[in-house]
Every structure is written in C-alpha cells, then in structure tokens.
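Engineer: The file below is coords.cif, mmCIF, C-alpha atoms and all ligand atoms:
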```cif
data_target
#
loop_
_atom_site.label_atom_id
_atom_site.label_comp_id
_atom_site.auth_asym_id
_atom_site.auth_seq_id
_atom_site.Cartn_x
_atom_site.Cartn_y
_atom_site.Cartn_z
CA MET A 1 -151.17 80.76 195.17
CA LEU A 2 -149.50 83.93 194.01
CA LYS A 3 -150.80 85.96 191.09
CA THR A 4 -148.37 86.15 188.18
CA SER A 5 -148.05 89.92 188.62
CA ILE A 6 -146.77 89.30 192.16
CA SER A 7 -144.46 86.36 191.41
CA THR A 8 -142.97 88.37 188.53
CA VAL A 9 -142.00 91.38 190.65
CA LEU A 10 -140.75 89.14 193.47
CA SER A 11 -138.61 87.12 191.05
CA GLU A 12 -137.25 90.36 189.62
CA GLN A 13 -136.36 91.41 193.16
CA VAL A 14 -134.44 88.16 193.73
CA ASN A 15 -132.42 89.08 190.65
CA ALA A 16 -131.97 92.68 191.88
CA GLU A 17 -130.72 91.51 195.29
CA TYR A 18 -128.25 89.10 193.68
CA TYR A 19 -127.13 91.92 191.38
CA SER A 20 -126.63 94.06 194.51
CA ALA A 21 -124.43 91.33 195.99
CA TYR A 22 -122.39 91.19 192.80
CA LEU A 23 -122.05 95.00 192.74
CA TYR A 24 -120.83 95.08 196.34
CA LEU A 25 -118.34 92.31 195.58
CA THR A 26 -116.82 94.38 192.75
CA MET A 27 -116.57 97.33 195.13
CA SER A 28 -115.09 95.14 197.86
CA ALA A 29 -112.44 93.81 195.50
CA TYR A 30 -111.57 97.38 194.43
CA ALA A 31 -111.25 98.51 198.07
CA ASP A 32 -109.14 95.48 198.97
CA ARG A 33 -106.71 96.09 196.11
CA ALA A 34 -106.55 99.81 196.99
CA GLY A 35 -105.42 98.89 200.51
CA PHE A 36 -108.67 99.69 202.34
CA LYS A 37 -109.17 96.30 204.00
CA GLY A 38 -111.80 97.64 206.41
CA VAL A 39 -113.90 99.16 203.62
CA ALA A 40 -113.48 95.90 201.71
CA ASN A 41 -114.79 93.99 204.73
CA TRP A 42 -117.80 96.31 205.11
CA LEU A 43 -118.68 95.84 201.43
CA PHE A 44 -118.16 92.07 201.59
CA VAL A 45 -120.59 91.85 204.53
CA GLN A 46 -122.98 94.05 202.52
CA ALA A 47 -122.76 91.53 199.65
CA GLN A 48 -123.54 88.68 202.06
CA GLU A 49 -126.61 90.56 203.31
CA GLU A 50 -127.83 91.06 199.74
CA LEU A 51 -127.51 87.34 199.04
CA ALA A 52 -129.58 86.68 202.18
CA HIS A 53 -132.20 89.22 201.02
CA GLY A 54 -132.49 87.55 197.60
CA THR A 55 -132.55 84.02 198.96
CA HIS A 56 -135.27 84.88 201.46
CA ILE A 57 -137.53 86.15 198.65
CA TYR A 58 -136.73 83.03 196.59
CA GLN A 59 -137.79 80.85 199.53
CA HIS A 60 -140.93 82.92 200.01
CA LEU A 61 -141.90 82.37 196.35
CA LEU A 62 -141.62 78.61 196.77
CA GLU A 63 -143.50 78.67 200.06
CA ARG A 64 -146.36 80.53 198.35
CA GLY A 65 -146.50 77.86 195.61
CA ALA A 66 -144.92 79.98 192.88
CA MET A 67 -142.14 79.04 190.48
CA PRO A 68 -139.38 81.68 190.63
CA THR A 69 -138.36 82.97 187.22
CA PHE A 70 -134.67 83.28 186.53
CA ALA A 71 -132.83 85.79 184.38
CA ASP A 72 -129.31 86.96 183.66
CA ILE A 73 -127.68 88.98 186.40
CA LYS A 74 -126.21 91.98 184.61
CA LEU A 75 -122.57 92.91 184.93
CA PRO A 76 -122.13 95.69 187.50
CA GLN A 77 -119.59 98.47 187.36
CA THR A 78 -116.15 96.97 187.97
CA GLU A 79 -113.83 100.00 187.87
CA PHE A 80 -113.81 102.74 190.50
CA LYS A 81 -111.73 105.88 190.97
CA SER A 82 -111.98 106.32 194.72
CA ILE A 83 -113.61 105.15 197.95
CA GLU A 84 -115.78 108.27 197.74
CA GLU A 85 -117.12 107.05 194.40
CA VAL A 86 -117.81 103.63 195.96
CA PHE A 87 -119.93 105.14 198.73
CA ALA A 88 -121.68 107.52 196.32
CA LYS A 89 -122.63 104.52 194.16
CA THR A 90 -123.71 102.62 197.28
CA LEU A 91 -126.12 105.40 198.26
CA ALA A 92 -127.48 105.78 194.72
CA HIS A 93 -127.94 102.02 194.44
CA GLU A 94 -129.77 101.72 197.74
CA GLN A 95 -132.09 104.58 196.72
CA HIS A 96 -132.84 102.64 193.53
CA VAL A 97 -133.55 99.46 195.53
CA THR A 98 -135.97 101.43 197.72
CA GLU A 99 -137.90 102.40 194.57
CA LEU A 100 -138.06 98.74 193.46
CA LEU A 101 -139.39 97.66 196.85
CA ASN A 102 -141.93 100.48 197.00
CA ASN A 103 -143.15 99.34 193.60
CA ILE A 104 -143.62 95.76 194.89
CA ALA A 105 -145.61 97.12 197.85
CA SER A 106 -147.78 99.12 195.42
CA VAL A 107 -148.40 96.07 193.19
CA ALA A 108 -149.29 93.99 196.28
CA MET A 109 -151.76 96.63 197.44
CA ARG A 110 -153.29 96.90 193.97
CA GLU A 111 -153.69 93.10 193.82
CA ASN A 112 -155.12 93.02 197.35
CA ASP A 113 -152.33 90.60 198.34
CA HIS A 114 -151.92 91.39 202.03
CA ALA A 115 -149.46 88.55 202.65
CA THR A 116 -147.03 89.87 200.05
CA TYR A 117 -147.57 93.43 201.25
CA ASN A 118 -146.75 92.34 204.79
CA PHE A 119 -143.74 90.31 203.60
CA ILE A 120 -142.23 93.16 201.60
CA LEU A 121 -142.71 95.73 204.37
CA TRP A 122 -139.70 94.24 206.20
CA TYR A 123 -137.60 95.11 203.14
CA VAL A 124 -139.13 98.57 202.78
CA ASN A 125 -138.32 99.34 206.43
CA GLU A 126 -134.82 97.88 206.11
CA GLN A 127 -134.12 100.42 203.35
CA ILE A 128 -134.37 103.29 205.84
CA GLU A 129 -131.26 101.95 207.55
CA GLU A 130 -129.58 100.96 204.27
CA GLU A 131 -129.90 104.49 202.90
CA ALA A 132 -129.00 106.18 206.20
CA THR A 133 -125.82 104.11 206.58
CA ALA A 134 -124.71 104.74 202.99
CA ASP A 135 -125.43 108.45 203.39
CA GLU A 136 -123.44 108.58 206.64
CA LEU A 137 -120.45 106.83 205.07
CA LEU A 138 -120.49 109.14 202.06
CA THR A 139 -120.66 112.21 204.29
CA LYS A 140 -117.79 110.92 206.44
CA ILE A 141 -115.53 110.15 203.50
CA ARG A 142 -116.18 113.60 202.04
CA LEU A 143 -115.38 115.28 205.36
CA ILE A 144 -112.21 113.22 205.76
CA GLY A 145 -110.95 114.17 202.30
CA ASP A 146 -107.30 113.12 202.00
CA ASN A 147 -106.52 113.16 205.73
CA SER A 148 -104.76 109.79 205.91
CA ALA A 149 -105.01 109.45 209.71
CA LEU A 150 -108.80 109.88 209.61
CA LEU A 151 -109.05 107.58 206.60
CA TYR A 152 -107.15 104.95 208.54
CA ASN A 153 -109.54 105.36 211.50
CA LEU A 154 -112.59 104.95 209.28
CA ASP A 155 -111.07 101.88 207.63
CA THR A 156 -110.39 100.36 211.06
CA GLU A 157 -113.98 101.10 212.15
CA LEU A 158 -115.40 99.37 209.05
CA ALA A 159 -113.18 96.33 209.60
CA ALA A 160 -115.30 95.45 212.64
CA ARG A 161 -118.51 94.75 210.70
CA VAL A 162 -119.62 91.13 210.98
CA PHE A 163 -122.31 89.36 208.95
CA THR A 164 -125.34 88.18 210.87
CA ASP A 165 -128.16 86.48 209.00
CA PRO A 166 -131.08 88.93 209.13
CA PHE A 167 -133.55 86.05 208.81
CA ALA A 168 -131.97 83.65 211.29
CA ASN A 169 -135.06 83.58 213.48
CA LYS A 170 -137.69 83.99 210.79
CA THR A 171 -139.67 81.61 208.64
CA ALA A 172 -140.38 82.61 205.03
FE1 LIG A 201 -131.14 94.32 199.78
FE2 LIG A 201 -129.12 96.78 200.21
O1 LIG A 201 -130.86 96.09 200.20
#
```
Could you show the structure in this file as structure tokens?
Ligand code: FEO

Structural biologist:
Amino acid sequence: MLKTSISTVLSEQVNAEYYSAYLYLTMSAYADRAGFKGVANWLFVQAQEELAHGTHIYQHLLERGAMPTFADIKLPQTEFKSIEEVFAKTLAHEQHVTELLNNIASVAMRENDHATYNFILWYVNEQIEEEATADELLTKIRLIGDNSALLYNLDTELAARVFTDPFANKTA
C-alpha cells in the first residue's frame, strides 16, 4: 500500500504528463496550420508519448493499491509566434518535468519507498533524452534561421518520427 505522500505526487505526475500531452497538441496544431507538417508530426508523437507516460503512472497507482486523485488539467499556451518559440518552450517544459520527477524520487527516498524510487527512475533517465532532443532541435532551428531549404529538410526529417509505446514490453 502506498503512503499518501507518494500517491499524491504520483497522481500529480499523471496530471502533469496529461498536461504535457495537451501542450504538445496545441504546438502540433500550430505547426500544422503554419505549414510545418513534419514538425506537427513530431509534436503529435510527443503528445502520444506523454499520454503513455501518464497512463503508465495511473496503472502503477492502481497496481500498488492506491486510488489516483484527479484534478483539472490546466489550459496550456495555445498561441505561438514561430517554430523556434515552440522548441524553446519544449526545452523549458522538459526541464520543468525533470524537476517534478526528481522531486518524486526525493519523496520516495525520504519515505523509504524503494519500489516507487525504482519505478520513477525510468522516468528520470528518460528525461536525459527528452531534454537532449529538445535542446538539439532548438539549436538546429536557430542555426537554420530563415533558410527555407534547410527548414524544409528539417521538417522532412521530423515527419519520419513514429510513435512506439515505451511500455509495450513492461508490466506496471
Ligand atoms: Fe513525460 Fe516529455 O516527459
């Protein structure tokens, strides 16, 4: 049975992951309407991953005998000025998510909950790649500037991203 302090932070993380999905959907819609179909695809896949992240924590809560707590998912930013802004927000958001996950790891350690600590480590490690990818995309878009040929190439590259369930072979 989970301690309330643990089920609270895990439930909050379900909400945060679903918020992330919603944020990436707003960005994806912006990119689609701006003509960047590849960027839109990359962000849509990102949103699907966030839903998988949140759902996996939700399932873990139930498996540990805890009742998830539900709360409003706040409205994310819906207007953007450029693809550069989108990737800058992506990096800042992923850095924020890393802080949330580190906090869960700290609470788990404090509560001597090794199972939760072990569970959340997958997420903590995943953030290394999440931040690195966002940083790389932001750097690329800044280097490209308004070179339309290079922008087109990047958009084509991002069109190739495909969603694969990160937990397909895992149990909660
Ligand atoms: Fe659920 Fe983008 O980390």

Engineer: Could I get the residue neighbourhood of ligand LIG 201 (chain A) at 7 Å, counting all atoms listed in the file, as an MDAnalysis selection string?

Structural biologist: chainID A and resid 17 20 49:50 53 94 97 127 130

Engineer: Write out as JSON lines a residue-level contact list of segment 4-24 of chain A versus segment 70-80 of chain A with cut-off 10 Å: for each qualifying residue the closest pair of atoms and the distance in Å to one decimal, counting only C-alpha atoms, rows sorted by chain and residue number upward.

Structural biologist:
```
{"residue": "A:Thr8", "atom": "CA", "partner": "A:Phe70", "partner_atom": "CA", "distance": 9.9}
{"residue": "A:Ser11", "atom": "CA", "partner": "A:Phe70", "partner_atom": "CA", "distance": 7.1}
{"residue": "A:Glu12", "atom": "CA", "partner": "A:Phe70", "partner_atom": "CA", "distance": 8.1}
{"residue": "A:Val14", "atom": "CA", "partner": "A:Phe70", "partner_atom": "CA", "distance": 8.7}
{"residue": "A:Asn15", "atom": "CA", "partner": "A:Ile73", "partner_atom": "CA", "distance": 6.4}
{"residue": "A:Ala16", "atom": "CA", "partner": "A:Ile73", "partner_atom": "CA", "distance": 7.9}
{"residue": "A:Glu17", "atom": "CA", "partner": "A:Ile73", "partner_atom": "CA", "distance": 9.7}
{"residue": "A:Tyr18", "atom": "CA", "partner": "A:Ile73", "partner_atom": "CA", "distance": 7.3}
{"residue": "A:Tyr19", "atom": "CA", "partner": "A:Ile73", "partner_atom": "CA", "distance": 5.8}
{"residue": "A:Ser20", "atom": "CA", "partner": "A:Pro76", "partner_atom": "CA", "distance": 8.5}
{"residue": "A:Ala21", "atom": "CA", "partner": "A:Pro76", "partner_atom": "CA", "distance": 9.8}
{"residue": "A:Tyr22", "atom": "CA", "partner": "A:Pro76", "partner_atom": "CA", "distance": 7.0}
{"residue": "A:Leu23", "atom": "CA", "partner": "A:Pro76", "partner_atom": "CA", "distance": 5.3}
{"residue": "A:Tyr24", "atom": "CA", "partner": "A:Pro76", "partner_atom": "CA", "distance": 9.0}
```

Engineer: For Pro68 of chain A, which of A:Gly145, A:Ile128, A:Tyr123, A:Ser7 is the closest residue, counting all atoms listed in the file?

Structural biologist: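 Looking only at the distances to Pro68 of chain A, the closest residue turns out to be A:Ser7.
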
Engineer: Between atom CA of Glu126 of chain A and atom CA of Ala105 of chain A, what is the spacing in Å?

Structural biologist: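 Separation between atom CA of Ala105 of chain A and atom CA of Glu126 of chain A: 13.6 Å.
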
Engineer: Between A:Phe44, A:Tyr30, A:Phe36, A:Phe87, which has the minimum distance to Leu137 of chain A (counting only C-alpha atoms)?

Structural biologist: A:Phe87
